[in-house]
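What follows is target_4.txt (compact mmCIF, C-alpha atoms).
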# COMPACT_ATOMS: atom_id res chain seq x y z
CA MET A 1 0.00 0.00 0.00
CA ALA A 2 1.45 3.35 -0.99
CA ILE A 3 1.81 6.12 1.55
CA ARG A 4 -1.36 8.18 1.70
CA HIS A 5 -0.67 11.77 2.68
CA ARG A 6 -0.81 15.40 1.76
CA ILE A 7 2.22 16.28 3.86
CA SER A 8 5.32 14.69 2.37
CA ARG A 9 7.65 12.48 4.40
CA ARG A 10 10.39 15.07 3.81
CA GLU A 11 8.15 17.64 5.50
CA PHE A 12 7.50 15.31 8.44
CA CYS A 13 11.23 14.80 8.87
CA ARG A 14 11.86 18.54 8.66
CA VAL A 15 9.21 19.19 11.26
CA GLY A 16 10.88 16.32 13.13
CA ALA A 17 10.50 17.61 16.63
CA GLY A 18 7.21 19.39 16.03
CA ALA A 19 8.68 22.84 15.46
CA ALA A 20 5.84 23.86 13.17
CA ALA A 21 3.36 23.54 16.02
CA THR A 22 4.22 27.01 17.29
CA ALA A 23 5.56 28.72 14.20
CA ALA A 24 2.12 28.83 12.63
CA PHE A 25 0.74 31.30 15.19
CA PRO A 26 1.51 35.01 15.58
CA LEU A 27 2.89 36.23 18.88
CA PRO A 28 0.20 37.55 21.25
CA ALA A 29 0.37 40.86 23.05
CA PHE A 30 1.04 40.39 26.77
CA ALA A 31 -0.10 42.25 29.81
CA GLN A 32 2.45 44.29 31.75
CA SER A 33 2.80 41.96 34.75
CA ALA A 34 4.64 38.68 34.24
CA ALA A 35 2.46 35.64 34.78
CA ARG A 36 3.58 32.49 36.57
CA VAL A 37 3.38 29.14 34.78
CA VAL A 38 4.42 25.95 36.55
CA VAL A 39 5.11 22.84 34.46
CA ILE A 40 5.21 19.45 36.18
CA GLY A 41 7.14 16.71 34.41
CA GLY A 42 10.55 16.83 32.73
CA GLY A 43 9.95 14.62 29.71
CA PHE A 44 9.42 15.52 26.07
CA GLY A 45 6.12 17.28 26.79
CA GLY A 46 6.99 19.22 29.93
CA VAL A 47 10.39 20.46 28.79
CA SER A 48 9.07 21.41 25.35
CA CYS A 49 6.24 23.39 26.92
CA ALA A 50 8.49 25.19 29.42
CA ARG A 51 10.98 26.18 26.75
CA ALA A 52 8.26 27.27 24.32
CA LEU A 53 6.70 29.51 26.96
CA LYS A 54 10.01 31.29 27.58
CA GLN A 55 10.61 31.65 23.86
CA ILE A 56 7.18 33.18 23.36
CA ASP A 57 7.74 35.72 26.13
CA PRO A 58 10.97 35.81 28.18
CA LYS A 59 9.14 37.83 30.87
CA LEU A 60 6.98 34.85 31.83
CA GLN A 61 7.98 33.21 35.11
CA VAL A 62 8.25 29.58 34.05
CA THR A 63 9.13 26.85 36.55
CA LEU A 64 9.77 23.23 35.64
CA VAL A 65 9.20 20.74 38.48
CA GLU A 66 11.03 17.43 38.00
CA PRO A 67 12.61 15.34 40.79
CA ASN A 68 15.07 13.49 38.56
CA LYS A 69 18.21 15.33 37.49
CA THR A 70 18.63 13.08 34.45
CA PHE A 71 15.93 12.20 31.93
CA ILE A 72 16.10 8.74 30.32
CA ALA A 73 14.29 8.65 26.99
CA CYS A 74 11.96 5.79 26.10
CA PRO A 75 12.26 6.20 22.30
CA PHE A 76 15.18 4.02 21.14
CA SER A 77 15.31 2.22 24.51
CA ASN A 78 14.31 -0.98 22.69
CA ASN A 79 17.72 -0.71 21.00
CA VAL A 80 19.31 -0.77 24.45
CA ILE A 81 17.40 -3.97 25.29
CA ALA A 82 18.71 -5.57 22.08
CA GLY A 83 22.30 -4.57 22.86
CA LEU A 84 22.46 -2.08 19.98
CA ARG A 85 22.79 1.07 22.05
CA SER A 86 24.05 2.15 25.48
CA ILE A 87 21.77 3.51 28.17
CA GLU A 88 24.02 6.57 28.37
CA GLU A 89 22.90 7.56 24.87
CA GLN A 90 19.36 7.81 26.26
CA GLN A 91 20.25 10.22 29.05
CA PHE A 92 19.73 13.99 29.04
CA ASP A 93 20.06 16.67 31.71
CA TYR A 94 18.31 19.98 32.30
CA ASP A 95 21.29 22.34 32.15
CA LYS A 96 20.26 23.94 28.86
CA ILE A 97 16.70 24.38 30.07
CA ALA A 98 17.89 26.30 33.13
CA ALA A 99 20.32 28.31 31.01
CA GLY A 100 17.36 29.36 28.85
CA GLY A 101 15.65 31.09 31.76
CA VAL A 102 13.39 28.31 33.03
CA THR A 103 13.60 27.77 36.79
CA VAL A 104 14.22 24.06 37.31
CA VAL A 105 13.10 22.70 40.68
CA ALA A 106 14.47 19.23 41.44
CA GLN A 107 11.59 18.19 43.67
CA ALA A 108 8.58 15.93 43.33
CA ALA A 109 5.20 17.61 43.19
CA THR A 110 3.09 16.04 45.95
CA ALA A 111 -0.02 18.23 46.22
CA ILE A 112 -2.07 20.63 44.13
CA ASP A 113 -4.58 23.14 45.45
CA ALA A 114 -6.53 24.15 42.37
CA ALA A 115 -8.54 26.77 44.26
CA ALA A 116 -5.47 28.49 45.73
CA ARG A 117 -3.44 27.75 42.59
CA THR A 118 -0.49 26.27 44.44
CA VAL A 119 1.73 23.23 43.95
CA GLY A 120 3.07 21.51 47.06
CA LEU A 121 6.56 20.02 46.84
CA ALA A 122 8.19 17.08 48.62
CA ASP A 123 10.40 19.39 50.69
CA GLY A 124 7.38 21.12 52.19
CA THR A 125 7.59 24.29 50.10
CA SER A 126 5.00 25.38 47.57
CA LEU A 127 4.80 27.25 44.28
CA GLY A 128 2.05 29.61 43.17
CA TYR A 129 0.85 29.66 39.59
CA ASP A 130 -1.50 31.45 37.23
CA ARG A 131 -1.53 28.47 34.88
CA LEU A 132 -0.36 24.93 35.60
CA VAL A 133 0.77 22.38 33.01
CA LEU A 134 0.82 18.68 33.84
CA SER A 135 3.01 16.40 31.76
CA PRO A 136 3.40 13.48 34.17
CA GLY A 137 3.56 10.65 31.65
CA VAL A 138 2.10 7.33 32.73
CA ASP A 139 1.90 5.25 35.86
CA LEU A 140 1.81 1.47 35.57
CA ARG A 141 -1.34 -0.14 36.94
CA PHE A 142 0.16 -2.78 39.17
CA ASP A 143 -3.35 -3.51 40.47
CA ALA A 144 -4.67 -4.49 37.04
CA LEU A 145 -2.95 -7.82 36.51
CA GLN A 146 -3.19 -10.58 39.13
CA GLY A 147 0.22 -11.46 40.52
CA TYR A 148 2.00 -8.50 38.96
CA ASP A 149 3.30 -5.79 41.26
CA GLU A 150 6.52 -3.84 41.74
CA ALA A 151 8.19 -6.87 43.32
CA ALA A 152 7.15 -9.05 40.38
CA ALA A 153 8.62 -6.49 37.99
CA ALA A 154 12.05 -7.34 39.41
CA LYS A 155 11.59 -10.85 37.99
CA MET A 156 9.34 -10.12 34.99
CA PRO A 157 10.41 -6.62 33.91
CA HIS A 158 8.05 -4.25 32.14
CA ALA A 159 10.86 -2.00 30.84
CA TRP A 160 8.13 0.53 29.95
CA LYS A 161 9.89 3.30 31.85
CA ALA A 162 13.44 3.57 30.59
CA GLY A 163 16.29 3.02 33.02
CA GLU A 164 16.93 0.16 35.43
CA GLN A 165 14.13 -1.93 33.98
CA THR A 166 15.57 -1.52 30.47
CA LEU A 167 18.92 -2.85 31.64
CA LEU A 168 17.29 -5.67 33.61
CA LEU A 169 15.50 -7.00 30.55
CA ARG A 170 18.71 -6.74 28.53
CA LYS A 171 20.66 -8.69 31.19
CA GLN A 172 17.99 -11.40 31.29
CA LEU A 173 18.24 -11.87 27.52
CA GLU A 174 22.01 -12.04 27.72
CA ALA A 175 21.85 -14.65 30.50
CA MET A 176 19.28 -16.84 28.72
CA ASP A 177 20.53 -20.07 27.13
CA ASP A 178 20.15 -20.50 23.39
CA GLY A 179 16.78 -22.15 22.77
CA GLY A 180 14.97 -20.26 25.50
CA LEU A 181 11.50 -18.80 25.16
CA VAL A 182 10.91 -15.05 25.44
CA VAL A 183 7.32 -13.92 26.08
CA ILE A 184 6.05 -10.34 25.76
CA ALA A 185 2.65 -9.48 27.26
CA ALA A 186 1.13 -6.49 25.46
CA PRO A 187 -1.72 -4.53 27.10
CA ALA A 188 -5.06 -3.34 25.75
CA ASN A 189 -5.37 0.24 24.50
CA PRO A 190 -4.67 2.94 25.50
CA PHE A 191 -1.05 2.83 26.56
CA ARG A 192 2.23 4.66 25.94
CA CYS A 193 3.74 4.14 22.48
CA PRO A 194 1.27 1.84 20.66
CA PRO A 195 3.90 0.34 18.29
CA GLY A 196 6.42 -0.14 21.10
CA PRO A 197 5.76 -3.80 22.05
CA TYR A 198 6.03 -4.89 18.41
CA GLU A 199 9.22 -2.95 17.73
CA ARG A 200 10.58 -4.55 20.90
CA ALA A 201 9.63 -7.98 19.58
CA CYS A 202 11.51 -7.22 16.36
CA LEU A 203 14.68 -6.03 18.04
CA ILE A 204 14.71 -8.85 20.57
CA ALA A 205 14.22 -11.24 17.64
CA TYR A 206 17.19 -9.57 15.94
CA TYR A 207 19.27 -10.19 19.05
CA LEU A 208 18.12 -13.80 19.23
CA LYS A 209 18.76 -14.41 15.53
CA THR A 210 22.31 -13.12 15.79
CA LYS A 211 23.20 -14.47 19.26
CA LYS A 212 20.79 -17.28 20.21
CA PRO A 213 19.19 -18.52 16.96
CA ARG A 214 17.41 -21.56 18.46
CA SER A 215 15.30 -19.30 20.68
CA LYS A 216 11.73 -18.17 20.07
CA LEU A 217 9.56 -15.18 20.98
CA ILE A 218 5.81 -15.12 21.64
CA ILE A 219 3.69 -11.97 21.92
CA LEU A 220 0.59 -12.48 24.08
CA ASP A 221 -1.70 -9.60 23.16
CA ALA A 222 -4.82 -8.17 24.79
CA LYS A 223 -5.84 -6.77 21.36
CA ASP A 224 -6.85 -8.13 17.98
CA THR A 225 -5.19 -5.30 16.07
CA PHE A 226 -2.22 -3.04 16.66
CA SER A 227 -0.34 -0.09 15.17
CA LYS A 228 1.51 -0.78 11.88
CA GLN A 229 0.32 -4.38 12.15
CA ARG A 230 0.78 -5.51 8.56
CA LEU A 231 4.19 -3.83 8.34
CA PHE A 232 5.38 -5.57 11.49
CA GLN A 233 3.97 -8.93 10.45
CA ASN A 234 5.67 -8.65 7.06
CA ALA A 235 8.93 -7.83 8.83
CA TRP A 236 8.60 -10.89 11.07
CA LYS A 237 8.10 -13.13 8.04
CA GLU A 238 10.92 -11.51 6.08
CA LEU A 239 13.51 -11.13 8.83
CA TYR A 240 12.64 -13.70 11.51
CA PRO A 241 10.75 -16.61 9.90
CA GLY A 242 9.52 -19.10 12.48
CA MET A 243 10.93 -17.10 15.37
CA VAL A 244 8.11 -14.66 16.27
CA GLU A 245 4.57 -15.76 17.10
CA TRP A 246 1.75 -13.28 17.77
CA VAL A 247 -1.25 -14.51 19.77
CA SER A 248 -4.19 -12.12 19.49
CA LEU A 249 -6.98 -11.48 21.99
CA SER A 250 -9.43 -13.70 20.10
CA GLN A 251 -6.82 -16.48 19.98
CA GLY A 252 -6.34 -16.37 23.74
CA GLY A 253 -3.56 -13.83 23.96
CA LYS A 254 -4.86 -11.75 26.87
CA VAL A 255 -2.78 -12.36 29.99
CA ASN A 256 -5.02 -12.50 33.07
CA ALA A 257 -2.43 -13.32 35.71
CA VAL A 258 1.26 -14.05 36.18
CA ASP A 259 3.30 -16.24 38.53
CA PRO A 260 6.70 -14.60 39.03
CA ALA A 261 8.04 -17.62 40.94
CA THR A 262 7.83 -19.77 37.80
CA ASN A 263 7.89 -17.02 35.14
CA THR A 264 4.46 -18.16 33.98
CA LEU A 265 1.88 -16.05 32.15
CA ILE A 266 -1.71 -17.28 32.48
CA THR A 267 -4.41 -16.83 29.82
CA ASP A 268 -7.91 -18.27 29.37
CA PHE A 269 -6.48 -20.65 26.76
CA GLY A 270 -3.45 -21.91 28.64
CA ASN A 271 -0.24 -21.07 30.45
CA HIS A 272 3.09 -19.95 29.01
CA THR A 273 6.27 -20.44 31.00
CA ALA A 274 9.10 -18.25 29.75
CA LYS A 275 12.81 -18.05 30.30
CA VAL A 276 12.44 -14.27 29.91
CA ALA A 277 9.04 -12.62 30.51
CA ASN A 278 8.45 -9.00 29.57
CA VAL A 279 5.12 -7.98 31.12
CA ILE A 280 3.79 -4.59 29.97
CA PRO A 281 0.86 -3.84 32.28
CA PRO A 282 -2.11 -1.50 31.70
CA GLN A 283 -1.40 2.16 32.37
CA ARG A 284 -2.97 5.43 33.47
CA ALA A 285 -1.99 9.07 33.80
CA GLY A 286 0.79 9.87 36.26
CA ARG A 287 -0.47 10.13 39.85
CA ILE A 288 -0.12 13.91 40.17
CA ALA A 289 -2.88 14.25 37.56
CA THR A 290 -5.26 12.41 39.88
CA ILE A 291 -4.14 14.54 42.82
CA ALA A 292 -4.94 17.60 40.71
CA GLY A 293 -8.46 16.31 40.00
CA ALA A 294 -7.71 16.08 36.27
CA THR A 295 -8.34 12.38 35.70
CA ASP A 296 -11.68 10.78 34.94
CA ARG A 297 -12.82 7.23 35.68
CA THR A 298 -10.69 5.89 32.83
CA GLY A 299 -7.56 7.03 34.66
CA TRP A 300 -6.69 9.51 31.90
CA CYS A 301 -7.24 13.26 31.56
CA ALA A 302 -10.00 14.73 29.39
CA ILE A 303 -8.87 18.01 27.83
CA ASP A 304 -10.09 20.82 25.59
CA PRO A 305 -8.40 19.96 22.26
CA VAL A 306 -7.75 23.64 21.47
CA THR A 307 -6.02 24.65 24.71
CA PHE A 308 -5.28 21.30 26.42
CA GLU A 309 -6.97 22.70 29.52
CA SER A 310 -8.42 20.03 31.77
CA LYS A 311 -12.18 19.57 31.47
CA SER A 312 -12.42 19.03 35.23
CA ALA A 313 -9.67 21.23 36.71
CA PRO A 314 -9.71 24.92 35.64
CA ASN A 315 -6.40 26.67 34.87
CA ILE A 316 -4.68 23.27 34.66
CA HIS A 317 -3.52 21.96 31.29
CA VAL A 318 -2.53 18.36 30.54
CA ILE A 319 -0.26 17.28 27.70
CA GLY A 320 1.54 14.16 26.53
CA ASP A 321 0.80 10.57 27.47
CA ALA A 322 -1.52 11.53 30.35
CA CYS A 323 -4.17 13.28 28.26
CA ILE A 324 -7.05 11.89 26.21
CA ALA A 325 -6.09 13.15 22.78
CA GLY A 326 -8.61 11.30 20.62
CA GLY A 327 -6.94 9.89 17.52
CA MET A 328 -3.53 11.31 18.42
CA PRO A 329 -1.36 8.54 19.87
CA LYS A 330 0.72 8.66 23.04
CA SER A 331 4.21 9.31 21.67
CA ALA A 332 7.19 11.61 22.21
CA PHE A 333 6.42 13.43 18.97
CA SER A 334 2.81 13.96 20.06
CA ALA A 335 3.92 15.27 23.45
CA ASN A 336 6.30 17.72 21.80
CA ALA A 337 3.66 19.00 19.39
CA GLN A 338 0.99 19.24 22.10
CA ALA A 339 3.41 21.09 24.37
CA LYS A 340 3.99 23.84 21.84
CA THR A 341 0.30 24.15 21.05
CA CYS A 342 -0.47 24.31 24.77
CA ALA A 343 2.22 26.96 25.36
CA ARG A 344 0.77 29.13 22.61
CA ALA A 345 -2.73 28.70 24.00
CA ILE A 346 -1.61 29.62 27.53
CA ALA A 347 0.17 32.70 26.26
CA THR A 348 -2.95 33.77 24.40
CA LEU A 349 -5.21 33.14 27.40
CA LEU A 350 -2.91 35.08 29.71
CA SER A 351 -3.08 38.04 27.34
CA GLY A 352 -6.90 37.90 27.28
CA GLY A 353 -7.21 36.37 23.81
CA SER A 354 -8.98 33.33 22.43
CA PRO A 355 -6.70 30.58 21.09
CA ALA A 356 -7.24 29.47 17.51
CA ALA A 357 -8.00 25.84 16.69
CA PRO A 358 -4.66 24.11 16.04
CA LYS A 359 -3.49 21.44 13.65
CA LEU A 360 -0.99 19.02 15.09
CA ILE A 361 1.12 16.32 13.51
CA ASN A 362 2.69 13.12 14.74
CA THR A 363 5.08 10.71 13.16
CA CYS A 364 6.40 7.53 14.69
CA TYR A 365 9.31 5.44 13.48
CA SER A 366 9.91 1.83 14.46
CA LEU A 367 12.90 -0.37 13.77
CA ALA A 368 12.38 -4.00 12.79
CA ALA A 369 16.16 -4.36 12.52
CA PRO A 370 19.00 -1.82 12.70
CA ASP A 371 18.70 -1.22 8.94
CA TYR A 372 14.96 -1.80 8.55
CA GLY A 373 12.61 1.05 9.49
CA ILE A 374 8.86 1.61 9.17
CA SER A 375 6.73 4.60 10.11
CA ILE A 376 3.26 6.03 10.55
CA ALA A 377 2.28 9.69 10.36
CA GLY A 378 -0.90 11.64 11.04
CA VAL A 379 -2.39 15.12 11.14
CA TYR A 380 -4.99 16.04 13.78
CA GLN A 381 -7.40 18.85 14.50
CA PRO A 382 -10.17 19.49 17.05
CA LYS A 383 -13.49 17.86 16.21
CA ASN A 384 -16.39 17.05 18.52
CA GLY A 385 -14.33 17.78 21.61
CA LEU A 386 -11.40 15.57 20.67
CA LEU A 387 -8.41 15.60 18.35
CA ALA A 388 -9.42 13.78 15.19
CA ASP A 389 -7.49 12.61 12.14
CA VAL A 390 -7.50 14.98 9.21
CA GLU A 391 -8.87 12.84 6.40
CA GLY A 392 -6.42 12.25 3.58
CA ALA A 393 -3.38 13.37 5.57
CA GLY A 394 -0.64 11.21 7.00
CA GLY A 395 -0.22 7.53 6.20
CA VAL A 396 2.10 4.60 6.71
CA SER A 397 5.19 3.20 5.05
CA PRO A 398 4.55 1.23 1.83
CA LEU A 399 3.57 -2.34 2.61
CA GLU A 400 5.78 -3.62 -0.19
CA ALA A 401 9.08 -1.79 -0.40
CA PRO A 402 12.65 -2.71 -1.32
CA ARG A 403 15.22 -2.96 1.43
CA ASP A 404 16.91 0.30 0.47
CA VAL A 405 13.64 2.10 1.31
CA ARG A 406 13.50 0.36 4.68
CA ALA A 407 17.14 1.32 5.27
CA ARG A 408 16.38 4.97 4.54
CA GLU A 409 13.51 4.88 7.02
CA ALA A 410 15.90 3.47 9.62
CA ASP A 411 18.20 6.43 8.93
CA TYR A 412 15.22 8.80 9.25
CA ALA A 413 14.47 7.26 12.64
CA GLN A 414 18.00 7.97 13.85
CA SER A 415 17.79 11.54 12.53
CA TRP A 416 14.40 12.07 14.18
CA PHE A 417 15.72 11.04 17.58
CA ALA A 418 18.79 13.24 17.26
CA THR A 419 16.63 16.17 16.14
CA ILE A 420 13.97 16.00 18.82
CA THR A 421 16.37 15.43 21.70
CA ALA A 422 18.61 18.28 20.53
CA GLU A 423 15.62 20.62 20.27
CA VAL A 424 14.10 19.61 23.60
CA PHE A 425 17.17 19.14 25.79
CA GLY A 426 20.08 20.62 23.84
Take the structure in the file and write it out as structure tokens.
Amino acid sequence: MAIRHRISRREFCRVGAGAAATAAFPLPAFAQSAARVVVIGGGFGGVSCARALKQIDPKLQVTLVEPNKTFIACPFSNNVIAGLRSIEEQQFDYDKIAAGGVTVVAQAATAIDAAARTVGLADGTSLGYDRLVLSPGVDLRFDALQGYDEAAAAKMPHAWKAGEQTLLLRKQLEAMDDGGLVVIAAPANPFRCPPGPYERACLIAYYLKTKKPRSKLIILDAKDTFSKQRLFQNAWKELYPGMVEWVSLSQGGKVNAVDPATNTLITDFGNHTAKVANVIPPQRAGRIATIAGATDRTGWCAIDPVTFESKSAPNIHVIGDACIAGGMPKSAFSANAQAKTCARAIATLLSGGSPAAPKLINTCYSLAAPDYGISIAGVYQPKNGLLADVEGAGGVSPLEAPRDVRAREADYAQSWFATITAEVFG
């Protein structure tokens, strides 16, 4: 299937880190007094929003609240698991953000008083705000899968937050004997990075093919369909014949419980005992969003798609993985684009204006092998209270393509990561 889009792939690559999300809007006129904006969360969304706010108006008092002094990026962390990349290449600090005029507070946010417009910090101090931005990412729902909790994750790693868990899964693969079984449990939607489990399957299969070729990988899935499905399945057949098996929801793929003592994953159709078990549990918005009163009964945050303001917590905006963004997936690119749109909307609101309806883009690259890339891209705009796909825009990689095309997409993926991390953290 040919790529279906009105925005060319070259344009998506040029936009790369979502720079067009703010450039399309004129600068608003600001009031004389400098407003205070607090941003919670130092990932792609939070940092992008904080920096965009200062770029729009250097007089704004922008504070970024993030307890960790080093950010570890999830995009490309599957390469770390497969032994293709070091964890150090995933690490970024906040020095450039502070140098750009953003006040960086290395504390955890523990309380939010929406009426008083204050954020309580772990050290007992508090910050006042005129507008608050939440970009807390996801929390893992350890209560959603019988037998799986934080202790179980030390035996059956999720590796869905990059860092120690990433390295644990890598070490388990390295320690496994040739001929061992690797099982990945993929959750139902929604969750962070929809193509992530399937890219991970590819890159683990690459590791197994090159290091432990008698081994096998099974994906137990709580869904019947997934992002870039036909592209991934073609890659499995082409690159890893007989090595990767996908078990869908209707085929009994949903994992209902796990037994960490025996590394067993339990489904309605049978049990699977693995040498290495990667359990990706259901997720929800980061806890501070619930504390702020911004989550609904789904565990995610409903937002106004024009301003990203919470539908339940006034003067609080939610961006990135934590928000309900309609057709727009939970990805680093999405968070970056939403952050810039949100920053522009906040600036306009603070100056007494009415934000214009935005158009946002997302593109997501996945690697099936170091030299084999595939991608999906989309354009989104507000419709019926959500962000909806713009019909006829975006698309996916061609289903049938020569290997040189796949190699170019793999190069694009590397360039995308270098571009977005340089823009956000550099």
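Atom pair CA of Val276 in chain A / CA of Leu181 in chain A: separated by 6.6 Å.
CA of Val138 in chain A is positioned 23.6 Å from CA of Gly253 in chain A.
For the choices A:Phe226, A:Trp246, A:Tyr207, A:Phe76, the atom-to-atom distance to Trp160 in chain A is smallest for A:Phe76 when using all atoms listed in the file.
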Expressed in Å, the length from CA of Gly101 in chain A to CA of Gly128 in chain A is 17.8 Å
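Comparing the minimum interatomic distances between Gly286 in chain A and each of A:Pro355, A:Gly163, A:Pro136, A:Pro58, counting all atoms listed in the file, we find that A:Pro136 sits nearest.
With distances taken over all atoms listed in the file, A:Ser312 is the one residue among A:Thr110, A:Gln165, A:Ser312, A:Asn278 lying closest to Ala294 in chain A.
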Nearest to Tyr129 in chain A, chosen from A:Leu169, A:Ala115, A:Met176, A:Leu53, with all atoms listed in the file counted in the distances: A:Ala115
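For the residues A:Lys212, A:Lys359, A:Phe417, A:Tyr206, ranking by smallest atom-to-atom distance to Tyr240 in chain A using only C-alpha atoms places A:Tyr206 first.
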Just the residues within 7 Å of Ala335 in chain A, please, counting all atoms listed in the file, with nothing from its chain fewer than 2 positions along; format it as an MDAnalysis selection string. chainID A and resid 44:45 319:321 331:333 337:339
Keeping only C-alpha atoms, write the selected residues to a file as an mmCIF file, in the coordinates of the input.
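New file again_13.cif:
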data_model
loop_
_atom_site.group_PDB
_atom_site.id
_atom_site.type_symbol
_atom_site.label_atom_id
_atom_site.label_comp_id
_atom_site.auth_asym_id
_atom_site.auth_seq_id
_atom_site.Cartn_x
_atom_site.Cartn_y
_atom_site.Cartn_z
ATOM 1 C CA PHE A 44 9.420 15.520 26.070
ATOM 2 C CA GLY A 45 6.120 17.280 26.790
ATOM 3 C CA ILE A 319 -0.260 17.280 27.700
ATOM 4 C CA GLY A 320 1.540 14.160 26.530
ATOM 5 C CA ASP A 321 0.800 10.570 27.470
ATOM 6 C CA SER A 331 4.210 9.310 21.670
ATOM 7 C CA ALA A 332 7.190 11.610 22.210
ATOM 8 C CA PHE A 333 6.420 13.430 18.970
ATOM 9 C CA ALA A 337 3.660 19.000 19.390
ATOM 10 C CA GLN A 338 0.990 19.240 22.100
ATOM 11 C CA ALA A 339 3.410 21.090 24.370
#
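Restricting the calculation to all atoms listed in the file, the smallest distance between Arg200 in chain A and any of A:Gln251, A:His317, A:Ala82, A:Arg170 is found for A:Ala82.
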Please list as a PyMOL selection string every residue within 8 Å of Pro358 in chain A, counting only C-alpha atoms and excluding residues in the same chain fewer than 3 positions away. chain A and resi 306+341+381-382
Pick out the residues sitting within 9 Å of Ser86 in chain A, and hand them over as a compact mmCIF listing (two decimals) with C-alpha atoms, in the coordinates of the input; count all atoms listed in the file, and ignore anything fewer than 6 positions along from it in its own chain.
# COMPACT_ATOMS: atom_id res chain seq x y z
CA SER A 77 15.31 2.22 24.51
CA ASN A 79 17.72 -0.71 21.00
CA VAL A 80 19.31 -0.77 24.45
Report as a ChimeraX atom specification all protein, DNA and RNA residues lying within 9 Å of Val38 in chain A, evaluated on only C-alpha atoms, omitting residues in the same chain fewer than 5 positions from it. /A:50,61-65,119,127-134
Put the listed atoms of range 285-301 of chain A in a box along x, y and z with 5 Å added on every side and give me the centre and edge lengths in Å to one decimal, as lines of an AutoDock Vina configuration file.
center_x = -6.0
center_y = 11.7
center_z = 37.2
size_x = 23.6
size_y = 21.7
size_z = 21.3
Write out as a compact mmCIF listing (two decimals) with C-alpha atoms, keeping the file's coordinate frame the residues lying within 10 Å of Pro67 in chain A, counting all atoms listed in the file and excluding same-chain residues fewer than 4 positions away.
# COMPACT_ATOMS: atom_id res chain seq x y z
CA ILE A 40 5.21 19.45 36.18
CA GLY A 41 7.14 16.71 34.41
CA GLY A 42 10.55 16.83 32.73
CA PHE A 71 15.93 12.20 31.93
CA VAL A 104 14.22 24.06 37.31
CA VAL A 105 13.10 22.70 40.68
CA ALA A 106 14.47 19.23 41.44
CA GLN A 107 11.59 18.19 43.67
CA ALA A 108 8.58 15.93 43.33
CA ALA A 109 5.20 17.61 43.19
CA LEU A 121 6.56 20.02 46.84
CA ALA A 122 8.19 17.08 48.62
